[in-house]
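Novice: First, the structure itself, so that you have it in front of you.
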Amino acid sequence: MEIMDDPNPRKRIMRVTLATTVLWLIVATSMAEARLVSLLIERREIVANGKAFGLAGPYEKLIGIAEFRLDPDQPQNQIIVDLPLAPRNVDGDVEFSAEFYLLKPVDPTRGNGRLFYEVGNRGSKRILRTFQKAPRSSDPMTVEEFGDGSLMREGFSLLWMGWQWDVPEGRMRMTMPIATDGDETITGLVRGNFVGPRTETALLADRGHQAYSVIDPESDEHVMTVRNLSTDPPEIIPRARWRFTEPGVVALDGGFEPGRIYDVVYLSQNPRVVGTGLAGTRDIVSFFKYDTSEANPLPGINYALAWGVSQSGRFLRHFVYQGFNENEDGHQVFDGVFDQVGGAGRGSFNHRFGQASRDALQHFNFLYPVDMFPFTDATTTDPVTGQSDGLLRQADATGTTPKVFHVLTNSEYFNRAGSLTHTDVTGSRDIDPAATSRIYFLASAPHILGRFPPQPNSNEVFLGQAPMNILAYTPVIRALFKALDAWIVEKQEPPPSLYPRIDAGTLVSPADAGWPDLPNVSLPREPLTALRLDFGPNWHRGIVTHEPPRIGAPFIQLVPAVDSDGNDRAGIRMPELVVPLATQTGWNYRHESIGAADRLSSEIGSYFVFARTKAERENSGDPRLSIEERYRNKHDYVGRITQAALDLANKRYLLAADLPEIINQAGVHYDWVIGKH
């Protein structure tokens, strides 16, 4: 080991040389703007064989561990549930750490001064796939693994960090402190919830995550129930019929019935302080943005933008709502927040025994604290509870409100209470986004995109009755990110919000949506119903005492109105929706093989192709015009697609660079429909 002391006594750099790697420990004790105290850089490597990405030049990756300290008495930290109960060091601070991954120009002065932070969905990385059209890779190195390099050519630095303790092995993770009551272990109720195909065993935690431990697995205090719908009275399953077989696994004599909802409420201990995921995100971004010492390997960052998809979109909504966009020095953390398909909810990101992976869908993950008031940017009042609140209330009060893009697909209106993002809770009037926000609806698009050609999903959890929706909208995401960046940096107004509205007649009840009379296909009459949930008298402190929660009155959700083909009328309509070959939706019914066939599959959409000829249409009883009745030939079809694409590009909902690929894919789709179906 070799210690190098800097002339500045408040900063030390330690270099540890091992046989096969070099570790750099950068101690940032001089830092005031964030409580990230050190970066342990385990790997520092030039990527893509040193290829220059435009004027930004070559890039490098820094991979390692970020170490944090939090003062529980700091005003900005008092929202973190159980932080005062975590172990403290000699200075009275709570310590924790997380894996981080940074891509940056080798010469940071050649960057564009922007940090793009992805809140990884359950510990994953998607920036390169989405924004650079790169192949899937958790640790890219070759030129090919960086795709077209578009963000890097513009000089962005890209950052990821683990923010969950319980993600499956191999994902980015945070090591969180455990809360204790002095010398006493904290115990509490945890609920495992699952529904699916017939199996003999089931997992207590969500999607392969680690489960909280069970105290005395043989105890009769643990309870298993079953019901058909979340609002049905639960049926208690006799304790003798079920058991914990190994950590995180339960078994039921005779197996679990397909499509039915099972809950296991059990006593656990040692809750993690899960709110450190929010605080760590705040502090690592603040470090790179504000620290001016030599300890910062990424100087010159002027703006920070955040992107989250689905779970991590809800994380960003929660982050801003609870005031984490203000750091410990009162400075703004993110200048821009891109909430993609987060729906109207937040999540289990800051309460005792929180399970961050849990969401809320019509028939998957039930009665977790996801779709909780408030839903809109603006402060509104819930007439049932009398509570007044808004997503941006805290940020507005501290002057730390970021520019926000809320992006929704059709799936969120049926499976994620999406309409509450922009209506009051009674579903009777529109609530406009804040002046600092925009709402964009990707018409007829799915939450989870199917592969071309259209085909059923083979994954049992997401098995739907119809082929999956293939309406690829990633090009819109790329264009909107560019618009958000320009809004922040260049003060250029973004494209106007586009979404269904009550006052325009494009946001309606399911019965009034205008669904065509398709053979054997009906519009879901009951999307996910968000419910007022009572988790007990200590919920305001982040402690659950009612598990499962007591169910209150529902919030009222609406859905997008559709045209005569069944495609959404409002929103950003992709060229293949303006010039359609099929009806595409964000919903799909569960396959009968996994039970509850009248309920919705989890966030996958449907694809219902048009008949090729008028004769085929009339023979099948399909009211939608056939392809031969719509288009003279492929040239006519592709010409119309081109015009629709150009129109969206002129309005800045698409990038010109993406148009050739969009037009070519539409031609491939036409050939497949004419020749294959």
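Chain identifiers are assigned as A, B, and so on, following the order in which chains appear in the structure tokens; residues are numbered from 1 within each chain, and ligands are numbered from 1 in order of appearance.
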If we count only C-alpha atoms and set the cut-off at 10 Å, which residues sit around A:Ala344, ignoring sequence neighbours fewer than 2 positions away in its own chain? Please answer as number ranges by chain.
Specialist: A: 313-314, 317, 341-342, 346, 370-376, 406, 408, 412-413, 416-422, 530
Novice: Quick one: residues within 9 Å of A:Pro177, only C-alpha atoms, excluding same-chain residues fewer than 4 positions away - as a PyMOL selection string?
Specialist: chain A and resi 83+86-87+94-96+271-274+276
Novice: Using C-alpha atoms, can you export the residues from the last selection as an mmCIF file, in the first residue's frame?
Specialist:
```
data_model
loop_
_atom_site.group_PDB
_atom_site.id
_atom_site.type_symbol
_atom_site.label_atom_id
_atom_site.label_comp_id
_atom_site.auth_asym_id
_atom_site.auth_seq_id
_atom_site.Cartn_x
_atom_site.Cartn_y
_atom_site.Cartn_z
ATOM 1 C CA LEU A 83 -32.530 7.312 9.644
ATOM 2 C CA ALA A 86 -29.489 3.574 12.046
ATOM 3 C CA PRO A 87 -26.006 2.964 13.522
ATOM 4 C CA VAL A 94 -25.003 7.242 9.303
ATOM 5 C CA GLU A 95 -22.813 5.483 6.733
ATOM 6 C CA PHE A 96 -23.800 3.510 3.636
ATOM 7 C CA PRO A 271 -35.543 -3.191 8.223
ATOM 8 C CA ARG A 272 -33.185 -1.395 5.879
ATOM 9 C CA VAL A 273 -33.307 2.387 5.770
ATOM 10 C CA VAL A 274 -34.545 2.287 2.182
ATOM 11 C CA THR A 276 -31.014 6.171 1.609
#
```
Novice: Please tabulate, as a tab-separated table, the residues of stretch 65-147 of chain A that come within 12 Å of stretch 651-673 of chain A, each with its closest pair of atoms and the distance in Å to one decimal, counting only C-alpha atoms and ordering rows by chain, then residue number upward.
Specialist:
```
residue	atom	partner	partner_atom	distance
A:Phe131	CA	A:Asp658	CA	11.2
A:Gln132	CA	A:Asp658	CA	11.3
A:Lys133	CA	A:Asp658	CA	10.6
```
Novice: Quote the spacing between atom CA of A:Glu326 and atom CA of A:Arg35 in Å to one decimal place.
Specialist: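 Interatomic distance here is 12.9 Å.
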Novice: Calculated over only C-alpha atoms, which of the candidates A:Asp107, A:Glu184, A:Asp339, A:Asp568 has the smallest distance to A:Leu305?
Specialist: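 Distance minimum relative to A:Leu305 lands on A:Asp339.
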Novice: Here is a test: counting only C-alpha atoms, which residue of A:Leu577, A:Gly621, A:Ser602, A:Pro475 is nearest to A:Pro519?
Specialist: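 Residue with the minimum atom-to-atom distance to A:Pro519: A:Gly621.
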Novice: Near stretch 500-512 of chain A, within 12 Å and counting only C-alpha atoms, which residues show up once chain neighbours fewer than 6 positions away are dropped, as an MDAnalysis selection string?
Specialist: chainID A and resid 408:410 413:414 418:424 426:433 439:444 522:528 556:563 567:573
Novice: Show me, as a Markdown table, the residues of stretch 178-273 of chain A having an atom within 9 Å of stretch 455-468 of chain A, each with the closest atom pair and its distance in Å, using only C-alpha atoms.
Specialist:
```
| residue | atom | partner | partner_atom | distance |
| --- | --- | --- | --- | --- |
| A:Val195 | CA | A:Val461 | CA | 8.7 |
| A:Gly196 | CA | A:Val461 | CA | 6.3 |
| A:Pro197 | CA | A:Glu460 | CA | 7.2 |
```
Novice: May I have the residues from that selection written out with N, CA, C and O atoms, as a PDB file, in the first residue's frame?
Specialist:
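Final file, selection_18.pdb:
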```
ATOM      1  N   VAL A 195     -49.334 -13.770  -7.837  1.00  0.00           N
ATOM      2  CA  VAL A 195     -50.404 -14.346  -8.638  1.00  0.00           C
ATOM      3  C   VAL A 195     -49.753 -14.844  -9.912  1.00  0.00           C
ATOM      4  O   VAL A 195     -48.853 -14.226 -10.448  1.00  0.00           O
ATOM      5  N   GLY A 196     -50.202 -15.975 -10.393  1.00  0.00           N
ATOM      6  CA  GLY A 196     -49.558 -16.479 -11.601  1.00  0.00           C
ATOM      7  C   GLY A 196     -50.071 -17.840 -11.997  1.00  0.00           C
ATOM      8  O   GLY A 196     -51.186 -18.223 -11.636  1.00  0.00           O
ATOM      9  N   PRO A 197     -49.261 -18.610 -12.703  1.00  0.00           N
ATOM     10  CA  PRO A 197     -49.656 -19.954 -13.124  1.00  0.00           C
ATOM     11  C   PRO A 197     -49.638 -20.919 -11.943  1.00  0.00           C
ATOM     12  O   PRO A 197     -49.184 -20.581 -10.847  1.00  0.00           O
TER      13      PRO A 197
END
```
Novice: Can you tell me how far atom CA of A:Lys289 sits from atom CA of A:Lys104, in Å to one decimal?
Specialist: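 Those two atoms sit 13.5 Å apart.
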Novice: Point out the residue among A:Gln584, A:Asn89, A:Gln269, A:Gln355 with the least atom-to-atom distance to A:Asp216, counting only C-alpha atoms.
Specialist: A:Gln269
